[in-house]
>>> print(open('model_14.tsv').read())   # TSV, C-alpha atoms and all ligand atoms
chain	number	residue	atom	x	y	z
A	1	MET	CA	0.00	0.00	0.00
A	2	ASN	CA	1.14	3.51	-0.73
A	3	THR	CA	2.25	5.11	2.52
A	4	PHE	CA	2.01	8.64	1.08
A	5	SER	CA	5.77	8.77	0.60
A	6	HIS	CA	4.92	9.61	-2.99
A	7	PRO	CA	1.50	10.86	-4.10
A	8	ILE	CA	-0.83	8.29	-5.65
A	9	TYR	CA	-0.85	8.95	-9.40
A	10	LEU	CA	-4.35	9.65	-10.73
A	11	ASP	CA	-3.54	11.97	-13.61
A	12	CYS	CA	-3.60	9.50	-16.52
A	13	HIS	CA	-5.13	12.02	-18.94
A	14	ALA	CA	-1.94	14.08	-18.64
A	15	THR	CA	0.40	11.16	-19.21
A	16	THR	CA	0.98	7.59	-18.11
A	17	PRO	CA	4.03	5.58	-17.06
A	18	VAL	CA	5.55	3.37	-19.74
A	19	ASP	CA	4.36	-0.21	-19.27
A	20	GLU	CA	7.31	-2.54	-18.51
A	21	ARG	CA	6.28	-4.73	-21.45
A	22	VAL	CA	6.43	-1.73	-23.76
A	23	MET	CA	9.82	-0.78	-22.34
A	24	ALA	CA	11.13	-4.32	-22.95
A	25	ALA	CA	10.06	-4.14	-26.59
A	26	MET	CA	11.83	-0.79	-27.05
A	27	ILE	CA	15.20	-1.45	-25.41
A	28	PRO	CA	16.97	-3.42	-28.19
A	29	PHE	CA	16.29	-0.56	-30.59
A	30	PHE	CA	18.36	1.94	-28.62
A	31	THR	CA	21.61	0.00	-28.59
A	32	GLN	CA	21.53	-3.09	-30.79
A	33	TYR	CA	19.19	-2.26	-33.69
A	34	PHE	CA	20.00	1.45	-33.71
A	35	GLY	CA	20.19	1.99	-37.46
A	36	ASN	CA	18.46	4.74	-39.37
A	37	PRO	CA	15.38	3.22	-41.04
A	38	ALA	CA	16.16	5.39	-44.06
A	39	SER	CA	19.62	3.79	-44.52
A	40	VAL	CA	18.90	1.50	-47.42
A	41	GLY	CA	22.50	0.44	-47.98
A	42	HIS	CA	23.17	-1.87	-45.03
A	43	GLN	CA	21.78	-4.29	-42.49
A	44	TYR	CA	21.48	-1.73	-39.66
A	45	GLY	CA	19.07	0.28	-41.72
A	46	TRP	CA	17.13	-2.77	-42.90
A	47	GLU	CA	16.65	-4.02	-39.33
A	48	ALA	CA	15.32	-0.65	-38.18
A	49	GLU	CA	13.14	-0.32	-41.26
A	50	ALA	CA	11.69	-3.82	-40.69
A	51	ALA	CA	10.78	-2.88	-37.10
A	52	VAL	CA	9.19	0.39	-38.24
A	53	GLN	CA	7.23	-1.42	-40.93
A	54	GLN	CA	5.96	-4.02	-38.48
A	55	ALA	CA	4.88	-1.27	-36.05
A	56	ARG	CA	3.20	0.61	-38.89
A	57	GLU	CA	1.24	-2.50	-39.88
A	58	GLN	CA	0.24	-3.16	-36.27
A	59	LEU	CA	-0.97	0.43	-35.77
A	60	ALA	CA	-2.82	0.43	-39.08
A	61	ALA	CA	-4.58	-2.83	-38.21
A	62	ALA	CA	-5.59	-1.36	-34.83
A	63	ILE	CA	-7.73	1.28	-36.57
A	64	ALA	CA	-8.67	-0.68	-39.72
A	65	ALA	CA	-6.35	1.43	-41.89
A	66	THR	CA	-3.55	0.46	-44.29
A	67	PRO	CA	0.13	0.90	-43.35
A	68	GLU	CA	0.61	3.64	-46.01
A	69	GLU	CA	-2.02	5.73	-44.23
A	70	ILE	CA	0.06	6.07	-41.04
A	71	ILE	CA	2.33	9.15	-40.81
A	72	PHE	CA	4.53	9.13	-37.72
A	73	THR	CA	4.79	12.42	-35.81
A	74	SER	CA	6.18	13.58	-32.47
A	75	GLY	CA	2.75	13.23	-30.85
A	76	ALA	CA	-0.84	14.36	-31.10
A	77	THR	CA	0.02	18.07	-31.00
A	78	GLU	CA	2.03	17.74	-34.18
A	79	ALA	CA	-0.54	15.40	-35.74
A	80	ASN	CA	-3.32	17.94	-35.08
A	81	ASN	CA	-1.23	20.76	-36.54
A	82	LEU	CA	-0.39	18.69	-39.61
A	83	ALA	CA	-4.02	17.68	-40.14
A	84	ILE	CA	-5.56	21.13	-39.72
A	85	LYS	CA	-2.92	23.35	-41.29
A	86	GLY	CA	-2.05	20.70	-43.88
A	87	VAL	CA	-5.67	20.45	-45.09
A	88	ALA	CA	-6.20	24.22	-44.94
A	89	GLU	CA	-3.21	24.80	-47.20
A	90	ALA	CA	-3.99	21.96	-49.61
A	91	TYR	CA	-7.67	22.85	-50.09
A	92	LEU	CA	-7.31	26.64	-50.42
A	93	ASP	CA	-9.18	26.67	-53.73
A	94	ARG	CA	-12.08	24.64	-52.26
A	95	GLY	CA	-12.92	26.93	-49.33
A	96	ARG	CA	-11.71	28.52	-46.14
A	97	HIS	CA	-14.23	27.42	-43.55
A	98	ILE	CA	-13.40	24.97	-40.73
A	99	VAL	CA	-15.76	23.66	-38.05
A	100	THR	CA	-14.54	22.59	-34.63
A	101	VAL	CA	-15.85	22.45	-31.05
A	102	ALA	CA	-15.36	24.70	-28.02
A	103	THR	CA	-14.15	21.79	-25.86
A	104	GLU	CA	-11.29	20.66	-28.13
A	105	HIS	CA	-7.71	20.41	-26.87
A	106	ASN	CA	-5.61	23.51	-27.42
A	107	ALA	CA	-3.61	21.55	-29.97
A	108	VAL	CA	-6.72	21.78	-32.18
A	109	LEU	CA	-8.03	25.18	-31.10
A	110	ASP	CA	-4.72	27.02	-31.45
A	111	PRO	CA	-3.99	25.90	-35.03
A	112	CYS	CA	-7.57	27.01	-35.83
A	113	HIS	CA	-6.96	30.41	-34.21
A	114	TYR	CA	-3.78	30.69	-36.21
A	115	LEU	CA	-5.66	29.94	-39.43
A	116	ARG	CA	-8.26	32.55	-38.50
A	117	SER	CA	-5.45	35.11	-38.37
A	118	LEU	CA	-4.62	34.09	-41.97
A	119	GLY	CA	-8.18	34.76	-43.14
A	120	PHE	CA	-9.88	31.40	-42.58
A	121	GLU	CA	-13.32	31.30	-40.99
A	122	ILE	CA	-13.62	29.06	-37.94
A	123	THR	CA	-16.94	27.93	-36.47
A	124	SER	CA	-16.54	26.70	-32.91
A	125	LEU	CA	-19.59	24.63	-31.97
A	126	PRO	CA	-20.97	24.85	-28.43
A	127	VAL	CA	-21.63	21.70	-26.40
A	128	GLN	CA	-24.64	20.67	-24.35
A	129	PRO	CA	-24.40	20.63	-20.53
A	130	ASP	CA	-23.31	16.97	-20.73
A	131	GLY	CA	-20.37	17.90	-22.98
A	132	LEU	CA	-21.76	16.32	-26.16
A	133	ILE	CA	-22.25	18.31	-29.33
A	134	ASN	CA	-25.71	18.63	-30.81
A	135	LEU	CA	-25.63	17.01	-34.26
A	136	ALA	CA	-28.22	19.51	-35.55
A	137	ASP	CA	-25.80	22.33	-34.63
A	138	LEU	CA	-23.10	20.60	-36.64
A	139	GLU	CA	-25.40	20.09	-39.62
A	140	ASN	CA	-26.41	23.75	-39.56
A	141	ALA	CA	-22.78	24.86	-39.43
A	142	LEU	CA	-21.75	22.97	-42.58
A	143	ARG	CA	-21.48	25.13	-45.72
A	144	PRO	CA	-20.42	24.68	-49.33
A	145	ASP	CA	-17.03	26.21	-48.48
A	146	THR	CA	-16.45	24.03	-45.40
A	147	ILE	CA	-13.28	22.03	-45.98
A	148	LEU	CA	-12.78	20.35	-42.61
A	149	VAL	CA	-14.62	19.32	-39.46
A	150	SER	CA	-12.46	18.56	-36.42
A	151	VAL	CA	-14.14	16.89	-33.42
A	152	MET	CA	-12.25	14.94	-30.78
A	153	ALA	CA	-13.13	11.32	-30.01
A	154	ALA	CA	-12.63	11.52	-26.23
A	155	ASN	CA	-12.22	14.66	-24.16
A	156	ASN	CA	-9.06	14.98	-22.08
A	157	GLU	CA	-10.76	16.80	-19.20
A	158	ILE	CA	-14.25	15.37	-18.82
A	159	GLY	CA	-13.74	12.13	-20.77
A	160	VAL	CA	-16.86	12.64	-22.90
A	161	LEU	CA	-17.06	10.49	-26.05
A	162	GLN	CA	-18.43	12.38	-29.05
A	163	PRO	CA	-20.63	10.50	-31.59
A	164	ILE	CA	-17.78	10.08	-34.05
A	165	ALA	CA	-19.50	7.72	-36.51
A	166	LYS	CA	-22.50	10.03	-36.86
A	167	ILE	CA	-20.23	13.05	-37.36
A	168	GLY	CA	-18.24	11.15	-40.00
A	169	SER	CA	-21.44	10.26	-41.81
A	170	LEU	CA	-22.70	13.87	-41.82
A	171	CYS	CA	-19.37	15.09	-43.20
A	172	HIS	CA	-19.09	12.45	-45.91
A	173	GLN	CA	-22.63	13.05	-47.15
A	174	ARG	CA	-21.41	16.55	-48.00
A	175	GLY	CA	-17.93	15.70	-49.20
A	176	ILE	CA	-16.31	17.43	-46.22
A	177	LEU	CA	-13.17	15.98	-44.61
A	178	PHE	CA	-13.46	14.77	-41.02
A	179	HIS	CA	-10.55	14.91	-38.57
A	180	THR	CA	-10.66	13.52	-35.06
A	181	ASP	CA	-8.17	13.96	-32.23
A	182	ALA	CA	-8.14	10.46	-30.74
A	183	ALA	CA	-5.23	11.00	-28.33
A	184	GLN	CA	-7.36	9.91	-25.37
A	185	ALA	CA	-9.33	7.28	-27.26
A	186	ILE	CA	-6.81	4.98	-28.94
A	187	GLY	CA	-6.51	1.66	-27.12
A	188	LYS	CA	-9.45	2.57	-24.88
A	189	ILE	CA	-12.46	2.58	-27.20
A	190	PRO	CA	-12.85	0.76	-30.54
A	191	LEU	CA	-11.73	2.92	-33.48
A	192	ASP	CA	-12.43	1.95	-37.08
A	193	VAL	CA	-11.65	4.64	-39.63
A	194	ASN	CA	-13.95	3.07	-42.24
A	195	ALA	CA	-16.97	2.32	-40.08
A	196	MET	CA	-16.63	5.80	-38.53
A	197	GLN	CA	-15.85	7.55	-41.84
A	198	ILE	CA	-12.78	9.25	-40.43
A	199	ASP	CA	-10.40	10.93	-42.90
A	200	LEU	CA	-7.69	12.08	-40.51
A	201	MET	CA	-6.99	10.90	-36.96
A	202	SER	CA	-4.41	12.10	-34.46
A	203	LEU	CA	-2.81	9.58	-32.11
A	204	THR	CA	-0.20	9.63	-29.36
A	205	ALA	CA	1.57	6.93	-27.34
A	206	HIS	CA	2.09	8.50	-23.93
A	207	LYS	CA	-1.55	8.46	-22.82
A	208	ILE	CA	-1.66	4.68	-23.18
A	209	TYR	CA	1.49	3.53	-21.35
A	210	GLY	CA	3.77	4.18	-24.30
A	211	PRO	CA	6.70	6.61	-24.55
A	212	LYS	CA	6.41	10.39	-24.90
A	213	GLY	CA	7.48	12.06	-28.13
A	214	ILE	CA	5.79	9.72	-30.59
A	215	GLY	CA	2.40	9.75	-32.25
A	216	ALA	CA	0.85	9.46	-35.66
A	217	LEU	CA	-1.59	11.00	-38.05
A	218	TYR	CA	-3.84	8.62	-39.95
A	219	VAL	CA	-4.43	10.07	-43.44
A	220	ARG	CA	-7.07	8.43	-45.65
A	221	ARG	CA	-5.79	7.43	-49.11
A	222	ARG	CA	-9.00	6.16	-50.73
A	223	ASP	CA	-12.57	7.47	-50.91
A	224	PRO	CA	-11.49	10.22	-50.63
A	225	ARG	CA	-7.73	10.52	-51.05
A	226	VAL	CA	-6.82	13.28	-48.59
A	227	GLN	CA	-4.39	15.94	-49.81
A	228	LEU	CA	-2.05	17.33	-47.17
A	229	ALA	CA	0.51	20.13	-47.37
A	230	PRO	CA	3.61	19.11	-45.38
A	231	GLN	CA	4.39	21.25	-42.35
A	232	LEU	CA	7.94	19.95	-41.84
A	233	HIS	CA	10.18	19.97	-44.88
A	234	GLY	CA	13.41	18.06	-45.17
A	235	GLY	CA	14.55	14.58	-46.11
A	236	GLY	CA	11.22	13.55	-47.58
A	237	HIS	CA	10.42	10.91	-44.98
A	238	GLU	CA	6.87	9.58	-44.64
A	239	ARG	CA	6.32	10.09	-48.37
A	240	GLY	CA	7.25	13.75	-48.10
A	241	ILE	CA	4.46	14.57	-45.67
A	242	ARG	CA	6.62	14.62	-42.53
A	243	SER	CA	10.37	14.83	-42.82
A	244	GLY	CA	12.66	13.79	-39.98
A	245	THR	CA	14.52	10.61	-39.03
A	246	LEU	CA	12.07	8.06	-37.65
A	247	TYR	CA	12.49	7.25	-33.93
A	248	THR	CA	12.60	3.47	-34.11
A	249	PRO	CA	12.45	2.70	-30.34
A	250	GLN	CA	9.51	5.04	-29.79
A	251	ILE	CA	7.68	3.72	-32.84
A	252	VAL	CA	8.13	0.13	-31.64
A	253	GLY	CA	6.94	1.17	-28.16
A	254	PHE	CA	3.95	3.04	-29.60
A	255	ALA	CA	2.74	-0.03	-31.49
A	256	ALA	CA	3.33	-2.31	-28.48
A	257	ALA	CA	1.37	0.07	-26.22
A	258	VAL	CA	-1.58	0.26	-28.61
A	259	GLN	CA	-1.60	-3.52	-29.03
A	260	LEU	CA	-1.64	-4.06	-25.24
A	261	GLY	CA	-4.42	-1.51	-24.87
A	262	ILE	CA	-6.52	-3.33	-27.44
A	263	ASP	CA	-5.73	-6.83	-26.16
A	264	GLU	CA	-6.68	-5.89	-22.60
A	265	ARG	CA	-9.37	-3.35	-23.40
A	266	VAL	CA	-12.53	-5.23	-22.46
A	267	ALA	CA	-11.36	-6.47	-19.07
A	268	GLU	CA	-9.53	-3.23	-18.25
A	269	THR	CA	-12.52	-1.07	-19.15
A	270	ALA	CA	-14.72	-3.05	-16.76
A	271	ARG	CA	-12.10	-2.78	-14.00
A	272	LEU	CA	-11.67	0.99	-14.49
A	273	ILE	CA	-15.43	1.60	-14.45
A	274	GLN	CA	-15.62	-0.25	-11.14
A	275	LEU	CA	-12.82	1.87	-9.65
A	276	ARG	CA	-14.26	5.08	-11.07
A	277	ASP	CA	-17.77	4.36	-9.78
A	278	ARG	CA	-16.35	3.38	-6.39
A	279	LEU	CA	-14.53	6.71	-6.12
A	280	TRP	CA	-17.65	8.60	-7.15
A	281	GLN	CA	-19.84	6.71	-4.66
A	282	HIS	CA	-17.46	7.70	-1.86
A	283	LEU	CA	-17.29	11.36	-2.90
A	284	ASN	CA	-20.93	11.73	-3.77
A	285	GLN	CA	-21.79	11.26	-0.09
A	286	LEU	CA	-20.85	14.92	0.29
A	287	ASP	CA	-23.36	17.63	-0.57
A	288	GLY	CA	-22.61	20.14	-3.31
A	289	ILE	CA	-20.56	17.82	-5.55
A	290	PHE	CA	-21.38	17.98	-9.27
A	291	LEU	CA	-20.25	15.54	-11.93
A	292	ASN	CA	-18.82	17.25	-15.02
A	293	GLY	CA	-19.64	15.59	-18.33
A	294	HIS	CA	-22.00	12.82	-19.42
A	295	ALA	CA	-22.50	10.16	-16.72
A	296	THR	CA	-21.93	7.13	-18.95
A	297	GLN	CA	-20.78	8.26	-22.40
A	298	ARG	CA	-17.26	8.90	-21.15
A	299	LEU	CA	-13.87	7.24	-20.77
A	300	ALA	CA	-13.86	4.46	-18.18
A	301	GLY	CA	-11.02	5.97	-16.13
A	302	ASN	CA	-12.31	9.55	-16.08
A	303	LEU	CA	-13.96	11.27	-13.15
A	304	ASN	CA	-14.32	15.05	-13.17
A	305	PHE	CA	-16.42	16.97	-10.68
A	306	SER	CA	-16.85	20.42	-9.15
A	307	VAL	CA	-17.06	21.12	-5.46
A	308	GLU	CA	-19.28	23.87	-4.12
A	309	GLY	CA	-18.02	26.12	-1.36
A	310	VAL	CA	-14.30	25.56	-1.59
A	311	ASP	CA	-11.46	27.41	-3.26
A	312	GLY	CA	-10.02	25.47	-6.19
A	313	GLN	CA	-6.38	26.24	-5.47
A	314	ALA	CA	-6.79	25.40	-1.77
A	315	LEU	CA	-8.40	22.09	-2.75
A	316	LEU	CA	-5.54	21.13	-5.03
A	317	LEU	CA	-2.95	22.24	-2.46
A	318	GLY	CA	-4.67	20.21	0.24
A	319	LEU	CA	-4.54	17.07	-1.90
A	320	GLN	CA	-1.06	17.56	-3.36
A	321	PRO	CA	0.96	15.61	-0.78
A	322	HIS	CA	-1.31	12.59	-1.12
A	323	VAL	CA	-2.63	12.37	-4.65
A	324	ALA	CA	-1.51	13.63	-8.07
A	325	VAL	CA	-4.60	14.97	-9.87
A	326	SER	CA	-5.43	17.96	-12.03
A	327	SER	CA	-7.78	20.80	-11.34
A	328	GLY	CA	-10.07	22.65	-13.72
A	329	SER	CA	-7.70	25.49	-14.21
A	330	ALA	CA	-4.76	25.88	-16.46
A	331	CYS	CA	-1.64	27.63	-15.23
A	332	THR	CA	-0.43	29.01	-18.52
A	333	ALA	CA	2.10	31.81	-18.60
A	334	ALA	CA	1.80	32.22	-14.83
A	335	LYS	CA	-1.86	33.13	-15.18
A	336	VAL	CA	-4.59	30.96	-13.73
A	337	THR	CA	-7.64	30.68	-15.96
A	338	PRO	CA	-10.69	28.47	-15.57
A	339	SER	CA	-10.89	25.44	-17.87
A	340	HIS	CA	-12.42	26.31	-21.26
A	341	VAL	CA	-14.05	22.87	-21.27
A	342	LEU	CA	-15.86	23.41	-17.96
A	343	GLN	CA	-16.88	26.89	-19.09
A	344	ALA	CA	-18.29	25.38	-22.28
A	345	ILE	CA	-20.52	22.97	-20.35
A	346	GLY	CA	-21.88	25.97	-18.46
A	347	ARG	CA	-20.00	25.84	-15.15
A	348	SER	CA	-19.48	29.15	-13.35
A	349	ASP	CA	-15.87	30.29	-12.98
A	350	ALA	CA	-15.99	29.38	-9.28
A	351	LEU	CA	-17.17	25.83	-10.01
A	352	ALA	CA	-14.71	25.49	-12.86
A	353	TYR	CA	-11.83	26.46	-10.56
A	354	ALA	CA	-13.09	24.20	-7.79
A	355	SER	CA	-12.99	21.06	-9.87
A	356	LEU	CA	-10.86	17.95	-9.89
A	357	ARG	CA	-9.99	15.64	-12.77
A	358	PHE	CA	-9.16	12.08	-11.82
A	359	GLY	CA	-7.58	9.93	-14.50
A	360	ILE	CA	-7.57	6.36	-13.21
A	361	GLY	CA	-5.26	3.98	-15.02
A	362	ARG	CA	-3.79	0.52	-15.45
A	363	PHE	CA	-1.68	0.56	-12.31
A	364	ASN	CA	-4.22	1.95	-9.83
A	365	THR	CA	-5.71	-0.36	-7.22
A	366	LYS	CA	-8.92	-0.46	-5.23
A	367	ALA	CA	-6.95	0.27	-2.05
A	368	GLU	CA	-5.55	3.43	-3.64
A	369	ILE	CA	-9.02	4.57	-4.67
A	370	ASP	CA	-10.30	4.15	-1.10
A	371	GLN	CA	-7.30	6.00	0.30
A	372	VAL	CA	-7.72	8.86	-2.16
A	373	ALA	CA	-11.47	9.12	-1.53
A	374	GLU	CA	-10.85	9.36	2.21
A	375	GLN	CA	-8.23	12.05	1.70
A	376	ALA	CA	-10.38	14.06	-0.73
A	377	ILE	CA	-13.40	13.94	1.58
A	378	ALA	CA	-11.30	15.03	4.57
A	379	THR	CA	-9.76	17.88	2.57
A	380	ILE	CA	-13.12	19.13	1.28
A	381	LYS	CA	-14.70	18.97	4.75
A	382	ALA	CA	-11.76	20.80	6.31
A	383	LEU	CA	-11.88	23.54	3.68
A	384	ARG	CA	-15.62	23.97	4.08
A	385	HIS	CA	-15.31	24.27	7.84
A	386	SER	CA	-12.42	26.65	7.69
A	387	ALA	CA	-13.53	30.27	7.87
A	388	ILE	CA	-10.30	31.46	6.28
A	389	ALA	CA	-10.49	29.05	3.35
A	390	PHE	CA	-11.17	31.98	1.04
A	401	LIG	C1	-2.47	14.86	-24.70
A	401	LIG	C2	-3.36	15.32	-25.76
A	401	LIG	C3	-2.88	16.00	-26.88
A	401	LIG	C4	-1.41	16.31	-27.05
A	401	LIG	O1	-0.70	15.15	-27.32
A	401	LIG	P1	0.90	15.15	-27.30
A	401	LIG	O2	1.25	13.81	-27.85
A	401	LIG	O3	1.30	15.33	-25.87
A	401	LIG	O4	1.37	16.25	-28.17
A	401	LIG	C5	-3.77	16.38	-27.85
A	401	LIG	N1	-5.06	16.12	-27.74
A	401	LIG	C6	-5.59	15.49	-26.67
A	401	LIG	C7	-7.05	15.22	-26.60
A	401	LIG	C8	-4.75	15.08	-25.65
A	401	LIG	O5	-5.27	14.45	-24.59
>>> encode(input="model_14.tsv", output="structure tokens", more="lines below")
Ligand SMILES: *Cc1c(COP(=O)(O)O)cnc(C)c1O
Amino acid sequence: MNTFSHPIYLDCHATTPVDERVMAAMIPFFTQYFGNPASVGHQYGWEAEAAVQQAREQLAAAIAATPEEIIFTSGATEANNLAIKGVAEAYLDRGRHIVTVATEHNAVLDPCHYLRSLGFEITSLPVQPDGLINLADLENALRPDTILVSVMAANNEIGVLQPIAKIGSLCHQRGILFHTDAAQAIGKIPLDVNAMQIDLMSLTAHKIYGPKGIGALYVRRRDPRVQLAPQLHGGGHERGIRSGTLYTPQIVGFAAAVQLGIDERVAETARLIQLRDRLWQHLNQLDGIFLNGHATQRLAGNLNFSVEGVDGQALLLGLQPHVAVSSGSACTAAKVTPSHVLQAIGRSDALAYASLRFGIGRFNTKAEIDQVAEQAIATIKALRHSAIAF
């Protein structure tokens, strides 16, 4: 049992530890099979290239794609940038309108803001109080000059799962490209780019027990064949779409992590839901606790709630020695702002600040959940009873 020497880690939406099995798969590629996959003239290159190809096939199979449709990137941030800016640049003569959602990750919203500064028109759809978009809103937002719709598969704060297949269908009926940021979804929910009519999909390894610094963009090559303007120019790797020497160990680890996630998905999802519901049952004994996001259409390991009558910073500080979680505020550039996701679902600034995001993962135990619940309840009660709390 954790004796509080180190906080219990419950921040799996931020990142996850590398699974030992993933690590074991990666290690030979740092020292023994270290060749550059682009070195076609000798065995070191061939060995690395074979490993990359195998990983590419494994990743493609995981999402029902073909290996040629996988473009390796440094993570989901780069994949989102490549998808959004790459499509915008390639389809300039088709239109300059892009539709996205207010609750997207900044790695989607910021490229859109950037494009707006270049003269593109961006429609940012609102969400309902449960965090889901209204499909009628999406339909109404689509125009003849709409070139791209970008809607995430699973939200990184409130875990909400958007109706991806229905969105894909709406887009394809109108010949509009559909991009989804699936950084939080891969390995956790089934993803099939054909059944869901996805044209571009951003992935990353470090949210699913793989290494940081590696991800991919799925780019559809048939029906329709997606055009993409490269955003990194250089050696012409990844068929010219993304130059840069491929990171063999990370790519091998990425594929291993996704495979483990898929192999263990059904049992692990059931286990995480049990832990998540257990935590919520404990906490929900308190008054003035509000769940953020849809109660069931969400990631198994996600619990996000707001606490009435406490100061958000004090709450996080009180928990810090015992449990590593995130709050509903982002400390960017030394300025604390309430979460744009919680604002979008209609939470007041006070409730957005006084929120906690628990990301329960593969290595958390029932004992840890009970310990954390006890600590959170004690902290909330103490803050509420303290006249000088705020
Ligand atoms: C973590 C995350 C990202 C950023 O991924 P990186 O690989 O860290 O660049 C983008 N989108 C979502 C939804 C995320 O959760």
>>> residues_near_ligand(input="model_14.tsv", ligand="ligand LIG 401 (chain A)", cutoff="7 Å", atoms="all atoms listed in the file", output="PyMOL selection string")
chain A and resi 13-14+74-78+105+107+152+154-156+181-184+204-207+212-215
>>> residues_around(input="model_14.tsv", residues="Val18 of chain A", least_positions_apart="4", cutoff="12 Å", atoms="only C-alpha atoms", output="number ranges by chain")
A: 12, 22-26, 205-212, 250, 253-254, 256-258, 260, 361-363
>>> write_last_selection(input="model_14.tsv", atoms="C-alpha atoms", output="mmCIF file, keeping the file's coordinate frame")
data_model
loop_
_atom_site.group_PDB
_atom_site.id
_atom_site.type_symbol
_atom_site.label_atom_id
_atom_site.label_comp_id
_atom_site.auth_asym_id
_atom_site.auth_seq_id
_atom_site.Cartn_x
_atom_site.Cartn_y
_atom_site.Cartn_z
ATOM 1 C CA CYS A 12 -3.600 9.500 -16.520
ATOM 2 C CA VAL A 22 6.430 -1.730 -23.760
ATOM 3 C CA MET A 23 9.820 -0.780 -22.340
ATOM 4 C CA ALA A 24 11.130 -4.320 -22.950
ATOM 5 C CA ALA A 25 10.060 -4.140 -26.590
ATOM 6 C CA MET A 26 11.830 -0.790 -27.050
ATOM 7 C CA ALA A 205 1.570 6.930 -27.340
ATOM 8 C CA HIS A 206 2.090 8.500 -23.930
ATOM 9 C CA LYS A 207 -1.550 8.460 -22.820
ATOM 10 C CA ILE A 208 -1.660 4.680 -23.180
ATOM 11 C CA TYR A 209 1.490 3.530 -21.350
ATOM 12 C CA GLY A 210 3.770 4.180 -24.300
ATOM 13 C CA PRO A 211 6.700 6.610 -24.550
ATOM 14 C CA LYS A 212 6.410 10.390 -24.900
ATOM 15 C CA GLN A 250 9.510 5.040 -29.790
ATOM 16 C CA GLY A 253 6.940 1.170 -28.160
ATOM 17 C CA PHE A 254 3.950 3.040 -29.600
ATOM 18 C CA ALA A 256 3.330 -2.310 -28.480
ATOM 19 C CA ALA A 257 1.370 0.070 -26.220
ATOM 20 C CA VAL A 258 -1.580 0.260 -28.610
ATOM 21 C CA LEU A 260 -1.640 -4.060 -25.240
ATOM 22 C CA GLY A 361 -5.260 3.980 -15.020
ATOM 23 C CA ARG A 362 -3.790 0.520 -15.450
ATOM 24 C CA PHE A 363 -1.680 0.560 -12.310
#
>>> axis_aligned_box(input="model_14.tsv", around="segment 110-129 of chain A", padding_each_side="5 Å", output="AutoDock Vina command-line options")
--center_x -14.2 --center_y 27.9 --center_z -31.8 --size_x 30.9 --size_y 24.5 --size_z 32.6
>>> atom_distance(input="model_14.tsv", atom1="atom CA of Arg94 of chain A", atom2="atom CA of Arg220 of chain A")
18.2 Å
>>> closest_residue(input="model_14.tsv", among="A:Leu383, A:Ala344, A:Ala90, A:Ile164", to="Ala314 of chain A", atoms="only C-alpha atoms")
A:Leu383
>>> closest_residue(input="model_14.tsv", among="A:Ser327, A:Thr269, A:Gln54, A:Gln297", to="Leu161 of chain A", atoms="all atoms listed in the file")
A:Gln297
>>> closest_residue(input="model_14.tsv", among="A:Pro126, A:Gly86, A:Gly301, A:Gly95", to="Pro111 of chain A", atoms="all atoms listed in the file")
A:Gly86
>>> atom_distance(input="model_14.tsv", atom1="atom CA of Gly240 of chain A", atom2="atom CA of Leu118 of chain A")
24.3 Å
>>> closest_residue(input="model_14.tsv", among="A:Ala79, A:Leu316, A:Leu10, A:Ala55", to="Val219 of chain A", atoms="only C-alpha atoms")
A:Ala79
>>> residues_around(input="model_14.tsv", residues="Gly234 of chain A", least_positions_apart="3", cutoff="8 Å", atoms="all atoms listed in the file", output="JSON, numbers by chain")
{"A": [237, 243, 244]}
>>> closest_residue(input="model_14.tsv", among="A:Asp311, A:Ala373, A:Ile158, A:Tyr114", to="Ala295 of chain A", atoms="all atoms listed in the file")
A:Ile158
>>> closest_residue(input="model_14.tsv", among="A:His97, A:His340, A:His42, A:Arg221", to="Ile84 of chain A", atoms="only C-alpha atoms")
A:His97
>>> residues_near_point(input="model_14.tsv", point="(19.0, -4.6, -42.0)", cutoff="12 Å", atoms="only C-alpha atoms", output="compact mmCIF listing (two decimals) with C-alpha atoms, keeping the file's coordinate frame")
# COMPACT_ATOMS: atom_id res chain seq x y z
CA GLN A 32 21.53 -3.09 -30.79
CA TYR A 33 19.19 -2.26 -33.69
CA PHE A 34 20.00 1.45 -33.71
CA GLY A 35 20.19 1.99 -37.46
CA ASN A 36 18.46 4.74 -39.37
CA PRO A 37 15.38 3.22 -41.04
CA ALA A 38 16.16 5.39 -44.06
CA SER A 39 19.62 3.79 -44.52
CA VAL A 40 18.90 1.50 -47.42
CA GLY A 41 22.50 0.44 -47.98
CA HIS A 42 23.17 -1.87 -45.03
CA GLN A 43 21.78 -4.29 -42.49
CA TYR A 44 21.48 -1.73 -39.66
CA GLY A 45 19.07 0.28 -41.72
CA TRP A 46 17.13 -2.77 -42.90
CA GLU A 47 16.65 -4.02 -39.33
CA ALA A 48 15.32 -0.65 -38.18
CA GLU A 49 13.14 -0.32 -41.26
CA ALA A 50 11.69 -3.82 -40.69
CA ALA A 51 10.78 -2.88 -37.10
CA VAL A 52 9.19 0.39 -38.24
>>> atom_distance(input="model_14.tsv", atom1="atom CA of Val307 of chain A", atom2="atom CA of Ile360 of chain A")
19.2 Å
>>> closest_atom_pairs(input="model_14.tsv", of="segment 237-329 of chain A", to="segment 377-382 of chain A", cutoff="7 Å", atoms="all atoms listed in the file", output="tab-separated table")
residue	atom	partner	partner_atom	distance
A:Leu283	CA	A:Ile377	CA	6.5
A:Leu315	CA	A:Ile380	CA	6.9
A:Gly318	CA	A:Thr379	CA	6.1
A:Leu319	CA	A:Thr379	CA	6.9
>>> write_last_selection(input="model_14.tsv", atoms="C-alpha atoms", output="mmCIF file, in the coordinates of the input")
data_model
loop_
_atom_site.group_PDB
_atom_site.id
_atom_site.type_symbol
_atom_site.label_atom_id
_atom_site.label_comp_id
_atom_site.auth_asym_id
_atom_site.auth_seq_id
_atom_site.Cartn_x
_atom_site.Cartn_y
_atom_site.Cartn_z
ATOM 1 C CA LEU A 283 -17.290 11.360 -2.900
ATOM 2 C CA LEU A 315 -8.400 22.090 -2.750
ATOM 3 C CA GLY A 318 -4.670 20.210 0.240
ATOM 4 C CA LEU A 319 -4.540 17.070 -1.900
#
